[in-house]
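Take a look at the structure below.
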Amino acid sequence: MSSVCITGISRGIGLGFAEHYLKNGWDVYGSLRNPKNEAVQKLARTYEERLTVFQMDVSAYESVRRGAAEVRERTDHIDLLVNNAGINAGPNAPTIQEISHEKMHAAFDVNVMGPLYCVQEFLPLLERSDGAKVAMISSTAGSIGETAGGRMIPYCVSKSALNMLTKLLHFRLRDLDIPIVALHPGWVRTDMGGSNALVSVKESVEGMAEVIASQSADSPLYRDYRGEPLPW
Ligand SMILES: NC(=O)c1ccc[n+]([C@@H]2O[C@H](COP(=O)([O-])OP(=O)(O)OC[C@H]3O[C@@H](n4cnc5c(N)ncnc54)[C@H](OP(=O)(O)O)[C@@H]3O)[C@@H](O)[C@H]2O)c1
């Protein structure tokens, strides 16, 4: 039986990942911030045995350390870490003066430090798996080559940093036989993506799960949910 740890399963793509892997027979360790989440409680009733929910704020190192310790009490290994939790700390089209210290820090704390803390703290569990992998949920918003405008500046800059972090971790994790990939989920209908987005959570998650399953140390490191390589 395979096991996955997913950050931010309260809603959107994270909830979709949890449902997908549970349906496919995996053990799921899912983090959320508010345990009184109805969608997750419903999932827990259906998959009582295989879903472990734990509280974790990815932007706070102590919280990640406690979360990983809680997971270690339940299992001696995990096969996949999905760093999904993220924020888009607007405004959407800021003036230069509106790019505040607070918004930049908020984006970096959740979108960059969060995934780094999680890799650090969950690595001992990944190392005990036969064939572990790490997925960083990034965005084309982080592609320097593709960017065409000045929108969502804290978000875009933090996702570029996440991409660099992914590439740098790749060199370390390669020695441990742990492939890592930065994934663009598509423009997905969630709270973050909005109702006009083009891709359903199900389509995005199924696509990304296939890409993750095929990811090896030699695969492209930055890909979309259909497996297409993206320009950094
Ligand atoms: N939707 C899109 O079109 C799109 C496109 C490109 C990339 N992405 C990326 O895909 C990922 C998921 O996005 P989504 O669309 O599902 O967003 P979403 O609907 O806004 O959900 C975000 C998730 O992240 C969690 N989260 C936020 N801050 C957190 C923190 N400090 N600690 C722990 N969890 C935290 C939220 O938990 P709470 O419920 O507690 O807030 C929620 O579960 C993100 O990394 C996002 O950047 C999305």
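Simple scheme: letters A, B, ... for chains in structure tokens order, numbers from 1 for residues in each chain, numbers from 1 for ligands in the order shown.
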
Within 10 Å of A:Gly145, counting only C-alpha atoms, which residues show up once you throw out same-chain ones fewer than 5 positions away? Write them as a PDB file with C-alpha atoms, in the first residue's frame, please.
```pdb
ATOM      1  CA  THR A 140       3.229  29.203 -14.646  1.00  0.00           C
ATOM      2  CA  LEU A 230       7.569  24.492 -18.979  1.00  0.00           C
ATOM      3  CA  PRO A 231      10.188  27.194 -19.510  1.00  0.00           C
ATOM      4  CA  TRP A 232      11.763  28.396 -16.241  1.00  0.00           C
TER       5      TRP A 232
END
```

At a cut-off of 8 Å, can you tabulate as a tab-separated table every residue of chain A near ligand 1 together with its closest atom pair and the distance in Å to one decimal, using only C-alpha atoms and all ligand atoms and ordering rows by chain then number?
```
residue	atom	partner	partner_atom_place_in_ligand_line	distance
A:Thr7	CA	ligand 1	34 (N)	6.2
A:Gly8	CA	ligand 1	43 (O)	3.6
A:Ile9	CA	ligand 1	43 (O)	4.8
A:Ser10	CA	ligand 1	43 (O)	4.2
A:Arg11	CA	ligand 1	43 (O)	4.8
A:Gly12	CA	ligand 1	16 (O)	3.5
A:Ile13	CA	ligand 1	16 (O)	3.8
A:Gly14	CA	ligand 1	16 (O)	5.7
A:Leu15	CA	ligand 1	43 (O)	7.2
A:Ser31	CA	ligand 1	33 (C)	7.1
A:Leu32	CA	ligand 1	40 (O)	5.8
A:Arg33	CA	ligand 1	40 (O)	4.6
A:Asn34	CA	ligand 1	40 (O)	5.9
A:Met56	CA	ligand 1	33 (C)	5.9
A:Asp57	CA	ligand 1	32 (N)	3.5
A:Val58	CA	ligand 1	32 (N)	4.0
A:Ser59	CA	ligand 1	31 (N)	4.8
A:Ala60	CA	ligand 1	31 (N)	7.5
A:Asn83	CA	ligand 1	45 (O)	7.4
A:Asn84	CA	ligand 1	45 (O)	4.7
A:Ala85	CA	ligand 1	24 (O)	3.5
A:Gly86	CA	ligand 1	45 (O)	3.7
A:Ile87	CA	ligand 1	27 (C)	5.2
A:Asn88	CA	ligand 1	47 (O)	6.5
A:Asp109	CA	ligand 1	31 (N)	7.6
A:Val110	CA	ligand 1	31 (N)	5.1
A:Asn111	CA	ligand 1	45 (O)	6.7
A:Gly114	CA	ligand 1	32 (N)	7.4
A:Met136	CA	ligand 1	45 (O)	7.9
A:Ile137	CA	ligand 1	45 (O)	5.0
A:Ser138	CA	ligand 1	7 (C)	5.4
A:Ser139	CA	ligand 1	6 (C)	4.2
A:Thr140	CA	ligand 1	6 (C)	6.7
A:Ala141	CA	ligand 1	6 (C)	7.1
A:Tyr155	CA	ligand 1	47 (O)	7.8
A:Lys159	CA	ligand 1	47 (O)	7.7
A:His184	CA	ligand 1	6 (C)	5.6
A:Pro185	CA	ligand 1	6 (C)	5.4
A:Gly186	CA	ligand 1	5 (C)	5.5
A:Trp187	CA	ligand 1	3 (O)	3.5
A:Val188	CA	ligand 1	3 (O)	3.7
A:Arg189	CA	ligand 1	1 (N)	5.9
A:Thr190	CA	ligand 1	19 (O)	4.6
A:Asp191	CA	ligand 1	19 (O)	4.2
A:Met192	CA	ligand 1	20 (O)	4.2
A:Gly193	CA	ligand 1	1 (N)	3.6
A:Gly194	CA	ligand 1	1 (N)	7.2
A:Ala197	CA	ligand 1	3 (O)	6.5
A:Val199	CA	ligand 1	3 (O)	7.9
```

Checklist outcome for this item: Nearest to A:Ala209, restricted to only C-alpha atoms and choosing among A:Ser143, A:Leu81, A:Leu176, A:Arg65, comes out as A:Leu81

Next on the checklist: Among stretch 121-201 of chain A, which residues does DSSP mark as strand (DSSP E) when it is run on the backbone? Keep the chain and numbering as in the structure and answer as number ranges by chain.
Outcome noted: A: 133-137, 180-184

Would you mind exporting N, CA, C and O atoms of the selected residues as an mmCIF file, in the first residue's frame?
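Dumped to out-v2.cif:
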```cif
data_model
loop_
_atom_site.group_PDB
_atom_site.id
_atom_site.type_symbol
_atom_site.label_atom_id
_atom_site.label_comp_id
_atom_site.auth_asym_id
_atom_site.auth_seq_id
_atom_site.Cartn_x
_atom_site.Cartn_y
_atom_site.Cartn_z
ATOM 1 N N LYS A 133 8.842 10.197 -3.694
ATOM 2 C CA LYS A 133 8.856 11.355 -4.593
ATOM 3 C C LYS A 133 8.344 12.596 -3.859
ATOM 4 O O LYS A 133 7.625 12.460 -2.861
ATOM 5 N N VAL A 134 8.695 13.765 -4.416
ATOM 6 C CA VAL A 134 8.203 15.035 -3.869
ATOM 7 C C VAL A 134 7.605 15.854 -5.008
ATOM 8 O O VAL A 134 8.223 15.975 -6.068
ATOM 9 N N ALA A 135 6.394 16.392 -4.789
ATOM 10 C CA ALA A 135 5.767 17.282 -5.775
ATOM 11 C C ALA A 135 5.569 18.652 -5.143
ATOM 12 O O ALA A 135 5.024 18.769 -4.046
ATOM 13 N N MET A 136 6.055 19.677 -5.834
ATOM 14 C CA MET A 136 5.855 21.066 -5.408
ATOM 15 C C MET A 136 4.777 21.642 -6.325
ATOM 16 O O MET A 136 4.965 21.680 -7.559
ATOM 17 N N ILE A 137 3.655 22.092 -5.750
ATOM 18 C CA ILE A 137 2.624 22.681 -6.614
ATOM 19 C C ILE A 137 2.995 24.141 -6.850
ATOM 20 O O ILE A 137 2.836 25.001 -5.984
ATOM 21 N N ILE A 180 11.974 14.866 -7.687
ATOM 22 C CA ILE A 180 11.134 16.011 -7.281
ATOM 23 C C ILE A 180 10.658 16.696 -8.559
ATOM 24 O O ILE A 180 11.345 16.656 -9.583
ATOM 25 N N VAL A 181 9.470 17.301 -8.514
ATOM 26 C CA VAL A 181 8.949 18.008 -9.676
ATOM 27 C C VAL A 181 8.155 19.233 -9.228
ATOM 28 O O VAL A 181 7.480 19.191 -8.194
ATOM 29 N N ALA A 182 8.279 20.322 -9.991
ATOM 30 C CA ALA A 182 7.434 21.509 -9.787
ATOM 31 C C ALA A 182 6.309 21.433 -10.815
ATOM 32 O O ALA A 182 6.570 21.348 -12.010
ATOM 33 N N LEU A 183 5.058 21.461 -10.350
ATOM 34 C CA LEU A 183 3.920 21.250 -11.244
ATOM 35 C C LEU A 183 3.025 22.478 -11.338
ATOM 36 O O LEU A 183 2.679 23.083 -10.313
ATOM 37 N N HIS A 184 2.628 22.803 -12.567
ATOM 38 C CA HIS A 184 1.574 23.811 -12.775
ATOM 39 C C HIS A 184 0.261 23.051 -12.923
ATOM 40 O O HIS A 184 0.131 22.221 -13.828
#
```

Item to check | Residue neighbourhood A:Gly25, 8 Å, only C-alpha atoms, exclusion window fewer than 2 positions, as a PyMOL selection string | outcome: chain A and resi 1-2+21-23+27

Item to check | Those of stretch 81-115 of chain A in DSSP helix (DSSP H, G or I), formatted as a list in words | outcome: Ile96, Gln97, Glu98, His101, Glu102, Lys103, Met104, His105, Ala106, Ala107, Phe108, Asp109, Val110, Asn111, Val112, Met113, Gly114 and Pro115 of chain A

Checklist entry - Can you tell me how far atom CA of A:Val157 sits from atom CA of A:Asn92, in Å to one decimal? => result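 Result for atom CA of A:Val157 versus atom CA of A:Asn92: 13.1 Å, one decimal.
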
Skipping near chain neighbours, those fewer than 2 positions away, what residues fall within 8 Å of stretch 122-127 of chain A using only C-alpha atoms, listed as a PDB file with all heavy atoms, in the first residue's frame?
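The result, stored in out24.pdb:
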```pdb
ATOM      1  N   ALA A  68       4.918  16.840  11.447  1.00  0.00           N
ATOM      2  CA  ALA A  68       5.705  15.684  10.992  1.00  0.00           C
ATOM      3  C   ALA A  68       5.850  14.664  12.126  1.00  0.00           C
ATOM      4  O   ALA A  68       5.785  13.446  11.896  1.00  0.00           O
ATOM      5  CB  ALA A  68       7.072  16.146  10.497  1.00  0.00           C
ATOM      6  N   ARG A  72       4.767  10.782  12.088  1.00  0.00           N
ATOM      7  CA  ARG A  72       5.729   9.716  12.429  1.00  0.00           C
ATOM      8  C   ARG A  72       5.175   8.761  13.484  1.00  0.00           C
ATOM      9  O   ARG A  72       5.602   7.625  13.580  1.00  0.00           O
ATOM     10  CB  ARG A  72       7.056  10.311  12.914  1.00  0.00           C
ATOM     11  CG  ARG A  72       7.980  10.733  11.794  1.00  0.00           C
ATOM     12  CD  ARG A  72       9.427  10.859  12.278  1.00  0.00           C
ATOM     13  NE  ARG A  72       9.567  11.756  13.402  1.00  0.00           N
ATOM     14  CZ  ARG A  72       9.680  13.087  13.307  1.00  0.00           C
ATOM     15  NH1 ARG A  72       9.684  13.667  12.125  1.00  0.00           N
ATOM     16  NH2 ARG A  72       9.811  13.840  14.386  1.00  0.00           N
ATOM     17  N   ASP A  76       5.849   4.610   9.571  1.00  0.00           N
ATOM     18  CA  ASP A  76       7.320   4.677   9.567  1.00  0.00           C
ATOM     19  C   ASP A  76       7.862   5.207   8.240  1.00  0.00           C
ATOM     20  O   ASP A  76       9.056   5.395   8.083  1.00  0.00           O
ATOM     21  CB  ASP A  76       7.931   3.302   9.889  1.00  0.00           C
ATOM     22  CG  ASP A  76       7.604   2.275   8.819  1.00  0.00           C
ATOM     23  OD1 ASP A  76       6.817   2.592   7.885  1.00  0.00           O
ATOM     24  OD2 ASP A  76       8.133   1.152   8.910  1.00  0.00           O
ATOM     25  N   HIS A  77       6.958   5.450   7.247  1.00  0.00           N
ATOM     26  CA  HIS A  77       7.434   5.988   5.971  1.00  0.00           C
ATOM     27  C   HIS A  77       6.283   6.675   5.227  1.00  0.00           C
ATOM     28  O   HIS A  77       5.115   6.400   5.505  1.00  0.00           O
ATOM     29  CB  HIS A  77       7.995   4.861   5.092  1.00  0.00           C
ATOM     30  CG  HIS A  77       6.925   4.042   4.437  1.00  0.00           C
ATOM     31  ND1 HIS A  77       6.220   3.072   5.108  1.00  0.00           N
ATOM     32  CD2 HIS A  77       6.416   4.080   3.176  1.00  0.00           C
ATOM     33  CE1 HIS A  77       5.334   2.538   4.289  1.00  0.00           C
ATOM     34  NE2 HIS A  77       5.426   3.128   3.113  1.00  0.00           N
ATOM     35  N   ILE A  78       6.645   7.553   4.293  1.00  0.00           N
ATOM     36  CA  ILE A  78       5.660   8.022   3.295  1.00  0.00           C
ATOM     37  C   ILE A  78       6.316   7.947   1.914  1.00  0.00           C
ATOM     38  O   ILE A  78       7.533   8.104   1.777  1.00  0.00           O
ATOM     39  CB  ILE A  78       5.115   9.452   3.539  1.00  0.00           C
ATOM     40  CG1 ILE A  78       6.237  10.462   3.742  1.00  0.00           C
ATOM     41  CG2 ILE A  78       4.129   9.499   4.667  1.00  0.00           C
ATOM     42  CD1 ILE A  78       5.761  11.902   3.693  1.00  0.00           C
ATOM     43  N   ASP A  79       5.484   7.660   0.900  1.00  0.00           N
ATOM     44  CA  ASP A  79       6.006   7.464  -0.452  1.00  0.00           C
ATOM     45  C   ASP A  79       5.976   8.742  -1.287  1.00  0.00           C
ATOM     46  O   ASP A  79       6.656   8.825  -2.305  1.00  0.00           O
ATOM     47  CB  ASP A  79       5.186   6.376  -1.163  1.00  0.00           C
ATOM     48  CG  ASP A  79       5.237   5.065  -0.398  1.00  0.00           C
ATOM     49  OD1 ASP A  79       6.354   4.563  -0.177  1.00  0.00           O
ATOM     50  OD2 ASP A  79       4.170   4.570   0.018  1.00  0.00           O
ATOM     51  N   LEU A  80       5.150   9.689  -0.870  1.00  0.00           N
ATOM     52  CA  LEU A  80       5.006  10.911  -1.665  1.00  0.00           C
ATOM     53  C   LEU A  80       4.659  12.079  -0.752  1.00  0.00           C
ATOM     54  O   LEU A  80       3.807  11.949   0.128  1.00  0.00           O
ATOM     55  CB  LEU A  80       3.875  10.701  -2.703  1.00  0.00           C
ATOM     56  CG  LEU A  80       3.412  11.906  -3.519  1.00  0.00           C
ATOM     57  CD1 LEU A  80       4.543  12.453  -4.389  1.00  0.00           C
ATOM     58  CD2 LEU A  80       2.218  11.510  -4.412  1.00  0.00           C
ATOM     59  N   LEU A  81       5.351  13.200  -0.981  1.00  0.00           N
ATOM     60  CA  LEU A  81       4.998  14.454  -0.297  1.00  0.00           C
ATOM     61  C   LEU A  81       4.490  15.423  -1.367  1.00  0.00           C
ATOM     62  O   LEU A  81       5.206  15.711  -2.327  1.00  0.00           O
ATOM     63  CB  LEU A  81       6.240  15.039   0.396  1.00  0.00           C
ATOM     64  CG  LEU A  81       6.103  16.468   0.936  1.00  0.00           C
ATOM     65  CD1 LEU A  81       5.056  16.551   2.058  1.00  0.00           C
ATOM     66  CD2 LEU A  81       7.459  16.982   1.447  1.00  0.00           C
ATOM     67  N   CYS A 118       8.609  21.594   5.004  1.00  0.00           N
ATOM     68  CA  CYS A 118       7.994  20.253   4.870  1.00  0.00           C
ATOM     69  C   CYS A 118       8.995  19.241   4.331  1.00  0.00           C
ATOM     70  O   CYS A 118       9.065  18.115   4.821  1.00  0.00           O
ATOM     71  CB  CYS A 118       6.739  20.313   3.993  1.00  0.00           C
ATOM     72  SG  CYS A 118       5.369  21.161   4.816  1.00  0.00           S
ATOM     73  N   VAL A 119       9.790  19.630   3.340  1.00  0.00           N
ATOM     74  CA  VAL A 119      10.820  18.692   2.844  1.00  0.00           C
ATOM     75  C   VAL A 119      11.781  18.379   3.986  1.00  0.00           C
ATOM     76  O   VAL A 119      12.151  17.216   4.211  1.00  0.00           O
ATOM     77  CB  VAL A 119      11.566  19.279   1.619  1.00  0.00           C
ATOM     78  CG1 VAL A 119      12.784  18.413   1.269  1.00  0.00           C
ATOM     79  CG2 VAL A 119      10.625  19.365   0.417  1.00  0.00           C
ATOM     80  N   GLN A 120      12.195  19.393   4.737  1.00  0.00           N
ATOM     81  CA  GLN A 120      13.145  19.161   5.835  1.00  0.00           C
ATOM     82  C   GLN A 120      12.577  18.177   6.856  1.00  0.00           C
ATOM     83  O   GLN A 120      13.246  17.231   7.270  1.00  0.00           O
ATOM     84  CB  GLN A 120      13.468  20.500   6.537  1.00  0.00           C
ATOM     85  CG  GLN A 120      14.323  21.420   5.689  1.00  0.00           C
ATOM     86  CD  GLN A 120      14.491  22.809   6.306  1.00  0.00           C
ATOM     87  OE1 GLN A 120      13.597  23.313   7.001  1.00  0.00           O
ATOM     88  NE2 GLN A 120      15.610  23.443   6.041  1.00  0.00           N
ATOM     89  N   SER A 129      11.064   5.122   2.467  1.00  0.00           N
ATOM     90  CA  SER A 129      10.219   4.517   1.428  1.00  0.00           C
ATOM     91  C   SER A 129      11.102   3.935   0.329  1.00  0.00           C
ATOM     92  O   SER A 129      12.210   4.408   0.091  1.00  0.00           O
ATOM     93  CB  SER A 129       9.307   5.596   0.832  1.00  0.00           C
ATOM     94  OG  SER A 129       8.939   5.274  -0.478  1.00  0.00           O
ATOM     95  N   ASP A 130      10.549   2.930  -0.344  1.00  0.00           N
ATOM     96  CA  ASP A 130      11.222   2.378  -1.515  1.00  0.00           C
ATOM     97  C   ASP A 130      10.680   3.115  -2.723  1.00  0.00           C
ATOM     98  O   ASP A 130       9.638   2.739  -3.252  1.00  0.00           O
ATOM     99  CB  ASP A 130      10.811   0.899  -1.646  1.00  0.00           C
ATOM    100  CG  ASP A 130      11.985  -0.011  -1.518  1.00  0.00           C
ATOM    101  OD1 ASP A 130      13.104   0.511  -1.385  1.00  0.00           O
ATOM    102  OD2 ASP A 130      11.774  -1.230  -1.562  1.00  0.00           O
ATOM    103  N   ALA A 132      10.451   6.978  -3.026  1.00  0.00           N
ATOM    104  CA  ALA A 132       9.714   8.185  -2.628  1.00  0.00           C
ATOM    105  C   ALA A 132       9.836   9.289  -3.687  1.00  0.00           C
ATOM    106  O   ALA A 132      10.788   9.314  -4.470  1.00  0.00           O
ATOM    107  CB  ALA A 132      10.254   8.698  -1.304  1.00  0.00           C
ATOM    108  N   LYS A 133       8.842  10.197  -3.694  1.00  0.00           N
ATOM    109  CA  LYS A 133       8.856  11.355  -4.593  1.00  0.00           C
ATOM    110  C   LYS A 133       8.344  12.596  -3.859  1.00  0.00           C
ATOM    111  O   LYS A 133       7.625  12.460  -2.861  1.00  0.00           O
ATOM    112  CB  LYS A 133       7.970  11.097  -5.816  1.00  0.00           C
ATOM    113  CG  LYS A 133       8.474   9.936  -6.656  1.00  0.00           C
ATOM    114  CD  LYS A 133       7.619   9.703  -7.872  1.00  0.00           C
ATOM    115  CE  LYS A 133       8.158   8.464  -8.584  1.00  0.00           C
ATOM    116  NZ  LYS A 133       7.479   8.174  -9.824  1.00  0.00           N
ATOM    117  N   LEU A 176      19.617  10.729  -3.040  1.00  0.00           N
ATOM    118  CA  LEU A 176      18.814   9.840  -2.180  1.00  0.00           C
ATOM    119  C   LEU A 176      17.790   9.063  -3.002  1.00  0.00           C
ATOM    120  O   LEU A 176      16.902   8.410  -2.442  1.00  0.00           O
ATOM    121  CB  LEU A 176      18.067  10.674  -1.119  1.00  0.00           C
ATOM    122  CG  LEU A 176      18.912  11.567  -0.214  1.00  0.00           C
ATOM    123  CD1 LEU A 176      18.020  12.476   0.633  1.00  0.00           C
ATOM    124  CD2 LEU A 176      19.795  10.717   0.684  1.00  0.00           C
TER     125      LEU A 176
END
```

Item to check | From A:Gly207, A:Pro179, A:Gly131, A:Pro91, residue lying nearest A:Phe17 [only C-alpha atoms] | outcome: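 Under the stated criterion, the closest residue is A:Gly207.
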
Next on the checklist: What's the separation between atom CA of A:His170 and atom CA of A:Cys156, in Å to one decimal place?
Outcome noted: 21.1 Å

Checklist entry - So, counting only C-alpha atoms, which residue among A:Glu70, A:Glu206, A:Glu228, A:Glu19 is closest to A:Arg50? => result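 Distance minimum relative to A:Arg50 lands on A:Glu19.
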